[in-house]
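K.L.:
The following block contains the structure, expressed as structure tokens.
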Protein chains: 2
Amino acid sequence: MFILLMIQKYFPQFLLTIACCTGLVFLFRKFRPSDEQKQRKNAQFKEKLKMNKGREENLTDEIDDKDMQDMEEDFAPSLPENLAHIPFKFTKNSHSEMIKRSGEFYELMNKRRSVRFFSKDPVPEEVIRNIIKTAGTSPSGAHTEPWTFVVIKDPQMKQQVREVIEEEEYFNYNKRMSKQWVADLKPLKTTWEKKYLTEAPYLILVFKQLYSFNEDGTRKMHYYNEISVAIATGMLITAIHNAGLSTVTTSPLQCGIRLRSILERPPQERLVLLFPVGFPADDCTVPDLERKPLKDICVEI
Amino acid sequence: MFILLMIQKYFPQFLLTIACCTGLVFLFRKFRPSDEQKQRKNAQFKEKLKMNKGREENLTDEIDDKDMQDMEEDFAPSLPENLAHIPFKFTKNSHSEMIKRSGEFYELMNKRRSVRFFSKDPVPEEVIRNIIKTAGTSPSGAHTEPWTFVVIKDPQMKQQVREVIEEEEYFNYNKRMSKQWVADLKPLKTTWEKKYLTEAPYLILVFKQLYSFNEDGTRKMHYYNEISVAIATGMLITAIHNAGLSTVTTSPLQCGIRLRSILERPPQERLVLLFPVGFPADDCTVPDLERKPLKDICVEI
């Protein structure tokens, strides 16, 4: 009875309470930023930071992973469905020949060092082309060969590339990289300054392709494109050293979009690594490092 | 005046309204799942799906990226700060010698094909060791050498690995991979069945290490570990082919944690790629593929 009386007395106020609550909850939900919104805000802020450095080009990638998923419906097969399979011709070496060859190859490769000081001595173009052809024999996911090697010989273009990289690397070393990372690189004496980018006779920039186009304009999906490109790069470094040249493996952090724009590469390509290639300078030094012995990198079962 | 009267009359109800609203908003916030919670729920659901397949071991990685960030404070430098830099000794080849060597190396590497049918003919262990030593000469971020090569010769272990991979691959081909991907692999005639895992005399499993330990127990951060391992793998494939052996590059999807557990590798290691190594079977076939010509993979500036 008492409860009924209470309800009768306060019913209008009760309704008002419910209405207010609903309204407030609605407002709160609307204005509470979701994690996604927060991320977007962070990204926008970072973008602003970059823009403030006086750049004019747009630094966001035109194609992101979400777009790739949306596009998947449009992709066409990359190989003919009735692809022939043919006998594989193979000449077998003797065991002793294999032991000799593999041992000599190890000795040769073990002489390789990452070189950061180059002479300006010229290198025949044919050697560079053979090196890139060798990298192009690398395996790739579903045989998509998802790589573009941009070879820069032109001094003005090398200068332009150096300017972009040094500007970003200055920012990397001072802002973007963790203290630990900067400390870990200190013994190698690397800094934001990259003289080798104009001293080496060639720069090879390795791009991965997210997809490519078939002749009829349909898209070909490039599976495992990053890892395929990195494996091909292992062959590239091997070929550079085997030819009698030197290089250093570099990953210009945050430079990809600007360099892609300068080099006029399409939006589905992404810079993975950059290699200066040439002869070491006469006074070239290298850090006094050793490699791990076999027992520390290999487990036999 | 009217307003004041109203306030006087309804003040207790007004207070009640505010209290209710606050309470309700608080409850709503508490029970509204954040994006992060949603992701965790999705992951838990996926985990359940996996568990239902009758597996007993725990399939979640013990260390994730978040843990790595939390740990960063504990990491110690990986190289001595006062590392000496020494002159680099280098013998220069003539241009004609370089053209010859690079051309011959391309011809050799261009004969390589991915092989999926192996003979059971034995291969000297020394050759396998030379191949892995060669891969170990690869460059790596801050010289961290973030790789472990697990070589399996034992037939029972190969059988165990095959069982895990075929079980997961069956699931991959039928559930996890997109229709487009399965269609793209069809011309290569790959299926969930992997006979080569027991036929080839050796399996080489390549693990990346997220970090390692210094002698004093502090952690050494492994920068760019995945790309460094992939580059080393490019050298591994080159060395396998150069020795006169064959392989195929495989990435056993979703098998990493189970294989790591069987092989008793530590939680900071992750399986990247797996290579069966040996001689091709006498009746080995390969898909009739061609490689892109230089002009399609290289841009000269």
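Starting from 1 in every chain, residues are counted up; chains themselves are A, B, ... following the order of the structure tokens, and ligands are numbered from 1 as listed.
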Set the distance at 12 Å and use only C-alpha atoms: which residues neighbour A:Val161 once local chain neighbours fewer than 4 positions away are removed? I'd like the list as a PyMOL selection string.
P.N.:
chain A and resi 152-157+165-169+194-198+202-205+252+255-263+274+276
K.L.:
Put those residues in a file: C-alpha atoms, as an mmCIF file, in the first residue's frame.
P.N.:
```
data_model
loop_
_atom_site.group_PDB
_atom_site.id
_atom_site.type_symbol
_atom_site.label_atom_id
_atom_site.label_comp_id
_atom_site.auth_asym_id
_atom_site.auth_seq_id
_atom_site.Cartn_x
_atom_site.Cartn_y
_atom_site.Cartn_z
ATOM 1 C CA ILE A 152 70.111 4.995 -58.793
ATOM 2 C CA LYS A 153 73.303 6.055 -60.546
ATOM 3 C CA ASP A 154 72.353 9.701 -61.220
ATOM 4 C CA PRO A 155 74.295 11.966 -58.767
ATOM 5 C CA GLN A 156 71.463 14.502 -58.422
ATOM 6 C CA MET A 157 68.946 11.802 -57.544
ATOM 7 C CA ILE A 165 67.000 10.243 -45.470
ATOM 8 C CA GLU A 166 69.242 12.520 -43.407
ATOM 9 C CA GLU A 167 66.301 14.751 -42.520
ATOM 10 C CA GLU A 168 64.236 11.761 -41.325
ATOM 11 C CA GLU A 169 67.181 10.021 -39.669
ATOM 12 C CA LYS A 194 74.742 9.165 -44.376
ATOM 13 C CA LYS A 195 77.657 10.173 -46.580
ATOM 14 C CA TYR A 196 77.626 6.802 -48.312
ATOM 15 C CA LEU A 197 74.358 7.742 -50.023
ATOM 16 C CA THR A 198 76.227 10.097 -52.344
ATOM 17 C CA TYR A 202 75.001 2.988 -56.949
ATOM 18 C CA LEU A 203 72.036 2.902 -54.606
ATOM 19 C CA ILE A 204 69.667 -0.069 -54.843
ATOM 20 C CA LEU A 205 66.259 0.552 -53.273
ATOM 21 C CA PRO A 252 65.416 4.052 -43.769
ATOM 22 C CA CYS A 255 61.397 7.588 -45.430
ATOM 23 C CA GLY A 256 59.361 5.210 -47.581
ATOM 24 C CA ILE A 257 56.554 7.497 -48.688
ATOM 25 C CA ARG A 258 58.783 10.481 -49.491
ATOM 26 C CA LEU A 259 61.270 8.338 -51.428
ATOM 27 C CA ARG A 260 58.472 6.570 -53.287
ATOM 28 C CA SER A 261 57.136 9.953 -54.304
ATOM 29 C CA ILE A 262 60.545 11.214 -55.544
ATOM 30 C CA LEU A 263 61.116 7.981 -57.463
ATOM 31 C CA LEU A 274 68.184 0.410 -49.265
ATOM 32 C CA PRO A 276 74.600 1.551 -51.292
#
```
K.L.:
Go through A:Lys175, A:Arg291, A:Lys208, A:Lys120 and flag the residue nearest chain B, using only C-alpha atoms for the distances.
P.N.:
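Checking each candidate against chain B, we get A:Arg291 as the closest.
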K.L.:
Closest to A:Ser140 among B:Arg219, B:Pro124, B:Phe75, B:Thr249, using only C-alpha atoms?
P.N.:
B:Thr249
K.L.:
Can you tell me, as a ChimeraX atom specification, which residues in stretch 212-269 of chain B count as alpha helix (DSSP H) by DSSP?
P.N.:
/B:225-243,256-262
K.L.:
To one decimal place in Å, what is the distance between atom CA of B:Gly141 and atom CA of A:Arg116?
P.N.:
14.4 Å
K.L.:
Write out as a compact mmCIF listing (two decimals) with C-alpha atoms, in the first residue's frame each polymer residue whose atoms come within 10 Å of B:Asn110, counting only C-alpha atoms; drop sequence neighbours fewer than 4 positions from it.
P.N.:
```
# COMPACT_ATOMS: atom_id res chain seq x y z
CA LYS A 133 68.93 -10.68 -62.07
CA THR A 134 70.37 -13.04 -59.42
CA ALA A 135 68.10 -11.59 -56.70
CA GLY A 136 65.21 -12.07 -59.15
CA THR A 137 65.75 -15.87 -59.13
CA SER A 138 64.53 -15.94 -55.52
CA GLU B 104 78.28 -17.02 -63.81
CA PHE B 105 76.66 -16.68 -60.40
CA TYR B 106 73.42 -15.56 -62.05
CA ARG B 291 60.85 -15.65 -64.28
```
K.L.:
Near B:Ile237, counting only C-alpha atoms, which residues have an atom at most 12 Å away, once you skip same-chain residues fewer than 3 positions from it, shown as a PDB file with N, CA and C atoms, in the first residue's frame?
P.N.:
```pdb
ATOM      1  N   ALA A 135      69.120 -11.758 -57.747  1.00  0.00           N
ATOM      2  CA  ALA A 135      68.101 -11.587 -56.701  1.00  0.00           C
ATOM      3  C   ALA A 135      66.729 -11.996 -57.232  1.00  0.00           C
ATOM      4  N   THR A 137      65.979 -14.409 -59.045  1.00  0.00           N
ATOM      5  CA  THR A 137      65.749 -15.866 -59.131  1.00  0.00           C
ATOM      6  C   THR A 137      65.188 -16.408 -57.818  1.00  0.00           C
ATOM      7  N   SER A 138      64.991 -15.534 -56.850  1.00  0.00           N
ATOM      8  CA  SER A 138      64.530 -15.943 -55.520  1.00  0.00           C
ATOM      9  C   SER A 138      63.113 -16.525 -55.579  1.00  0.00           C
ATOM     10  N   PRO A 139      62.805 -17.465 -54.670  1.00  0.00           N
ATOM     11  CA  PRO A 139      61.428 -17.969 -54.607  1.00  0.00           C
ATOM     12  C   PRO A 139      60.494 -16.899 -54.045  1.00  0.00           C
ATOM     13  N   ILE A 231      63.879 -12.319 -48.507  1.00  0.00           N
ATOM     14  CA  ILE A 231      64.651 -13.484 -48.953  1.00  0.00           C
ATOM     15  C   ILE A 231      65.426 -13.125 -50.230  1.00  0.00           C
ATOM     16  N   ALA A 232      64.759 -12.452 -51.163  1.00  0.00           N
ATOM     17  CA  ALA A 232      65.427 -12.032 -52.406  1.00  0.00           C
ATOM     18  C   ALA A 232      66.600 -11.102 -52.087  1.00  0.00           C
ATOM     19  N   THR A 233      66.433 -10.313 -51.036  1.00  0.00           N
ATOM     20  CA  THR A 233      67.471  -9.393 -50.607  1.00  0.00           C
ATOM     21  C   THR A 233      68.686 -10.145 -50.066  1.00  0.00           C
ATOM     22  N   GLY A 234      68.441 -11.286 -49.420  1.00  0.00           N
ATOM     23  CA  GLY A 234      69.543 -12.148 -48.983  1.00  0.00           C
ATOM     24  C   GLY A 234      70.363 -12.606 -50.185  1.00  0.00           C
ATOM     25  N   MET A 235      69.669 -12.922 -51.273  1.00  0.00           N
ATOM     26  CA  MET A 235      70.374 -13.324 -52.500  1.00  0.00           C
ATOM     27  C   MET A 235      71.101 -12.126 -53.115  1.00  0.00           C
ATOM     28  N   THR A 238      74.282 -11.554 -51.230  1.00  0.00           N
ATOM     29  CA  THR A 238      75.217 -12.631 -51.599  1.00  0.00           C
ATOM     30  C   THR A 238      75.837 -12.341 -52.965  1.00  0.00           C
TER      31      THR A 238
ATOM     32  N   MET B 109      72.459 -19.583 -60.187  1.00  0.00           N
ATOM     33  CA  MET B 109      71.266 -19.392 -59.359  1.00  0.00           C
ATOM     34  C   MET B 109      69.981 -19.517 -60.179  1.00  0.00           C
ATOM     35  N   ARG B 112      68.128 -22.792 -60.152  1.00  0.00           N
ATOM     36  CA  ARG B 112      67.411 -23.226 -58.948  1.00  0.00           C
ATOM     37  C   ARG B 112      65.906 -23.280 -59.184  1.00  0.00           C
ATOM     38  N   ARG B 113      65.284 -24.326 -58.694  1.00  0.00           N
ATOM     39  CA  ARG B 113      63.822 -24.420 -58.691  1.00  0.00           C
ATOM     40  C   ARG B 113      63.379 -24.907 -57.312  1.00  0.00           C
ATOM     41  N   SER B 114      62.185 -24.509 -56.901  1.00  0.00           N
ATOM     42  CA  SER B 114      61.628 -25.046 -55.654  1.00  0.00           C
ATOM     43  C   SER B 114      61.222 -26.487 -55.921  1.00  0.00           C
ATOM     44  N   VAL B 115      61.712 -27.408 -55.087  1.00  0.00           N
ATOM     45  CA  VAL B 115      61.494 -28.841 -55.300  1.00  0.00           C
ATOM     46  C   VAL B 115      60.611 -29.394 -54.180  1.00  0.00           C
ATOM     47  N   ILE B 128      75.467 -29.838 -44.655  1.00  0.00           N
ATOM     48  CA  ILE B 128      74.385 -29.105 -43.968  1.00  0.00           C
ATOM     49  C   ILE B 128      74.982 -28.073 -43.008  1.00  0.00           C
ATOM     50  N   ILE B 131      76.281 -25.110 -44.873  1.00  0.00           N
ATOM     51  CA  ILE B 131      75.152 -24.296 -45.355  1.00  0.00           C
ATOM     52  C   ILE B 131      74.653 -23.381 -44.244  1.00  0.00           C
ATOM     53  N   ILE B 132      74.512 -23.921 -43.042  1.00  0.00           N
ATOM     54  CA  ILE B 132      74.004 -23.110 -41.927  1.00  0.00           C
ATOM     55  C   ILE B 132      75.048 -22.079 -41.486  1.00  0.00           C
ATOM     56  N   THR B 134      77.039 -20.645 -43.468  1.00  0.00           N
ATOM     57  CA  THR B 134      76.947 -19.598 -44.493  1.00  0.00           C
ATOM     58  C   THR B 134      75.782 -18.652 -44.180  1.00  0.00           C
ATOM     59  N   ALA B 135      74.614 -19.224 -43.848  1.00  0.00           N
ATOM     60  CA  ALA B 135      73.452 -18.383 -43.497  1.00  0.00           C
ATOM     61  C   ALA B 135      73.791 -17.492 -42.301  1.00  0.00           C
ATOM     62  N   ILE B 204      65.185 -28.200 -42.148  1.00  0.00           N
ATOM     63  CA  ILE B 204      65.787 -27.056 -41.433  1.00  0.00           C
ATOM     64  C   ILE B 204      64.657 -26.110 -41.048  1.00  0.00           C
ATOM     65  N   VAL B 206      63.668 -22.596 -39.351  1.00  0.00           N
ATOM     66  CA  VAL B 206      64.317 -21.318 -39.038  1.00  0.00           C
ATOM     67  C   VAL B 206      63.455 -20.546 -38.043  1.00  0.00           C
ATOM     68  N   ALA B 230      64.830 -13.412 -42.392  1.00  0.00           N
ATOM     69  CA  ALA B 230      64.446 -13.679 -43.783  1.00  0.00           C
ATOM     70  C   ALA B 230      65.632 -13.456 -44.717  1.00  0.00           C
ATOM     71  N   ILE B 231      66.440 -12.425 -44.448  1.00  0.00           N
ATOM     72  CA  ILE B 231      67.630 -12.165 -45.269  1.00  0.00           C
ATOM     73  C   ILE B 231      68.609 -13.333 -45.125  1.00  0.00           C
ATOM     74  N   ALA B 232      68.820 -13.813 -43.890  1.00  0.00           N
ATOM     75  CA  ALA B 232      69.709 -14.955 -43.652  1.00  0.00           C
ATOM     76  C   ALA B 232      69.196 -16.190 -44.398  1.00  0.00           C
ATOM     77  N   THR B 233      67.876 -16.285 -44.479  1.00  0.00           N
ATOM     78  CA  THR B 233      67.251 -17.397 -45.179  1.00  0.00           C
ATOM     79  C   THR B 233      67.528 -17.338 -46.683  1.00  0.00           C
ATOM     80  N   GLY B 234      67.604 -16.113 -47.221  1.00  0.00           N
ATOM     81  CA  GLY B 234      67.992 -15.961 -48.637  1.00  0.00           C
ATOM     82  C   GLY B 234      69.389 -16.520 -48.856  1.00  0.00           C
ATOM     83  N   ILE B 240      72.284 -23.724 -50.114  1.00  0.00           N
ATOM     84  CA  ILE B 240      71.733 -25.061 -50.397  1.00  0.00           C
ATOM     85  C   ILE B 240      71.886 -25.366 -51.883  1.00  0.00           C
ATOM     86  N   HIS B 241      71.491 -24.410 -52.712  1.00  0.00           N
ATOM     87  CA  HIS B 241      71.570 -24.614 -54.159  1.00  0.00           C
ATOM     88  C   HIS B 241      73.017 -24.707 -54.630  1.00  0.00           C
ATOM     89  N   ASN B 242      73.865 -23.840 -54.092  1.00  0.00           N
ATOM     90  CA  ASN B 242      75.276 -23.830 -54.488  1.00  0.00           C
ATOM     91  C   ASN B 242      75.961 -25.164 -54.153  1.00  0.00           C
ATOM     92  N   ALA B 243      75.527 -25.811 -53.073  1.00  0.00           N
ATOM     93  CA  ALA B 243      76.120 -27.092 -52.667  1.00  0.00           C
ATOM     94  C   ALA B 243      75.660 -28.232 -53.564  1.00  0.00           C
ATOM     95  N   GLY B 244      74.614 -28.014 -54.349  1.00  0.00           N
ATOM     96  CA  GLY B 244      74.089 -29.072 -55.220  1.00  0.00           C
ATOM     97  C   GLY B 244      72.887 -29.785 -54.610  1.00  0.00           C
ATOM     98  N   LEU B 245      72.195 -29.115 -53.690  1.00  0.00           N
ATOM     99  CA  LEU B 245      71.005 -29.696 -53.067  1.00  0.00           C
ATOM    100  C   LEU B 245      69.763 -28.897 -53.453  1.00  0.00           C
ATOM    101  N   SER B 246      68.609 -29.433 -53.098  1.00  0.00           N
ATOM    102  CA  SER B 246      67.350 -28.746 -53.401  1.00  0.00           C
ATOM    103  C   SER B 246      66.527 -28.523 -52.145  1.00  0.00           C
ATOM    104  N   THR B 247      65.588 -27.585 -52.250  1.00  0.00           N
ATOM    105  CA  THR B 247      64.677 -27.289 -51.137  1.00  0.00           C
ATOM    106  C   THR B 247      63.428 -26.611 -51.674  1.00  0.00           C
ATOM    107  N   VAL B 248      62.466 -26.391 -50.795  1.00  0.00           N
ATOM    108  CA  VAL B 248      61.313 -25.541 -51.105  1.00  0.00           C
ATOM    109  C   VAL B 248      61.072 -24.671 -49.871  1.00  0.00           C
ATOM    110  N   THR B 249      60.737 -23.395 -50.111  1.00  0.00           N
ATOM    111  CA  THR B 249      60.511 -22.441 -49.022  1.00  0.00           C
ATOM    112  C   THR B 249      59.086 -22.604 -48.523  1.00  0.00           C
ATOM    113  N   THR B 250      58.904 -23.013 -47.267  1.00  0.00           N
ATOM    114  CA  THR B 250      57.540 -23.182 -46.758  1.00  0.00           C
ATOM    115  C   THR B 250      57.337 -22.396 -45.469  1.00  0.00           C
ATOM    116  N   LEU B 273      60.240 -20.007 -41.039  1.00  0.00           N
ATOM    117  CA  LEU B 273      60.169 -20.804 -42.268  1.00  0.00           C
ATOM    118  C   LEU B 273      60.699 -22.214 -42.025  1.00  0.00           C
ATOM    119  N   LEU B 274      60.307 -23.126 -42.892  1.00  0.00           N
ATOM    120  CA  LEU B 274      60.770 -24.517 -42.801  1.00  0.00           C
ATOM    121  C   LEU B 274      61.237 -24.980 -44.184  1.00  0.00           C
ATOM    122  N   PHE B 275      62.414 -25.618 -44.224  1.00  0.00           N
ATOM    123  CA  PHE B 275      62.993 -26.084 -45.483  1.00  0.00           C
ATOM    124  C   PHE B 275      63.311 -27.579 -45.431  1.00  0.00           C
ATOM    125  N   PRO B 276      62.677 -28.399 -46.295  1.00  0.00           N
ATOM    126  CA  PRO B 276      63.162 -29.763 -46.463  1.00  0.00           C
ATOM    127  C   PRO B 276      64.402 -29.685 -47.364  1.00  0.00           C
ATOM    128  N   VAL B 277      65.447 -30.452 -47.047  1.00  0.00           N
ATOM    129  CA  VAL B 277      66.683 -30.355 -47.834  1.00  0.00           C
ATOM    130  C   VAL B 277      67.167 -31.749 -48.238  1.00  0.00           C
TER     131      VAL B 277
END
```
K.L.:
As an exercise, work out the distance from atom CA of A:Ser102 to atom CA of A:Phe88 in Å and give it to one decimal place.
P.N.:
22.4 Å
K.L.:
Extract, using only C-alpha atoms, all DNA, RNA and protein residues at most 8 Å from stretch 220-223 of chain A, discarding same-chain residues fewer than 5 positions from it, and format them as a list in words.
P.N.:
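Contacts, with the query itself left out: Glu72, Phe75, Ala76, Pro77, Ser78, Gly141, Ala142, Thr144, Pro146, Gln209, Leu210, Tyr211, Ser212, Phe213 and Asn214 of chain A.
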K.L.:
Using the selection just defined, write its residues with C-alpha atoms as a PDB file, in the first residue's frame.
P.N.:
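Printed below is selection37.pdb as written:
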```
ATOM      1  CA  GLU A  72      40.194  -9.119 -52.262  1.00  0.00           C
ATOM      2  CA  PHE A  75      41.640 -10.250 -57.372  1.00  0.00           C
ATOM      3  CA  ALA A  76      42.155 -12.707 -60.202  1.00  0.00           C
ATOM      4  CA  PRO A  77      44.345 -15.861 -60.208  1.00  0.00           C
ATOM      5  CA  SER A  78      48.016 -15.170 -60.802  1.00  0.00           C
ATOM      6  CA  GLY A 141      54.709 -16.819 -52.482  1.00  0.00           C
ATOM      7  CA  ALA A 142      52.690 -18.389 -55.353  1.00  0.00           C
ATOM      8  CA  THR A 144      54.314 -13.614 -57.630  1.00  0.00           C
ATOM      9  CA  PRO A 146      56.656  -9.119 -55.628  1.00  0.00           C
ATOM     10  CA  GLN A 209      54.579  -4.819 -54.135  1.00  0.00           C
ATOM     11  CA  LEU A 210      51.303  -5.424 -52.263  1.00  0.00           C
ATOM     12  CA  TYR A 211      49.699  -6.503 -55.547  1.00  0.00           C
ATOM     13  CA  SER A 212      50.183  -6.133 -59.289  1.00  0.00           C
ATOM     14  CA  PHE A 213      48.000  -6.083 -62.382  1.00  0.00           C
ATOM     15  CA  ASN A 214      47.268  -8.869 -64.856  1.00  0.00           C
TER      16      ASN A 214
END
```
K.L.:
Among the residues of stretch 239-285 of chain A, find those DSSP assigns to strand (DSSP E) from the backbone and print them as a PyMOL selection string.
P.N.:
chain A and resi 269-277+285
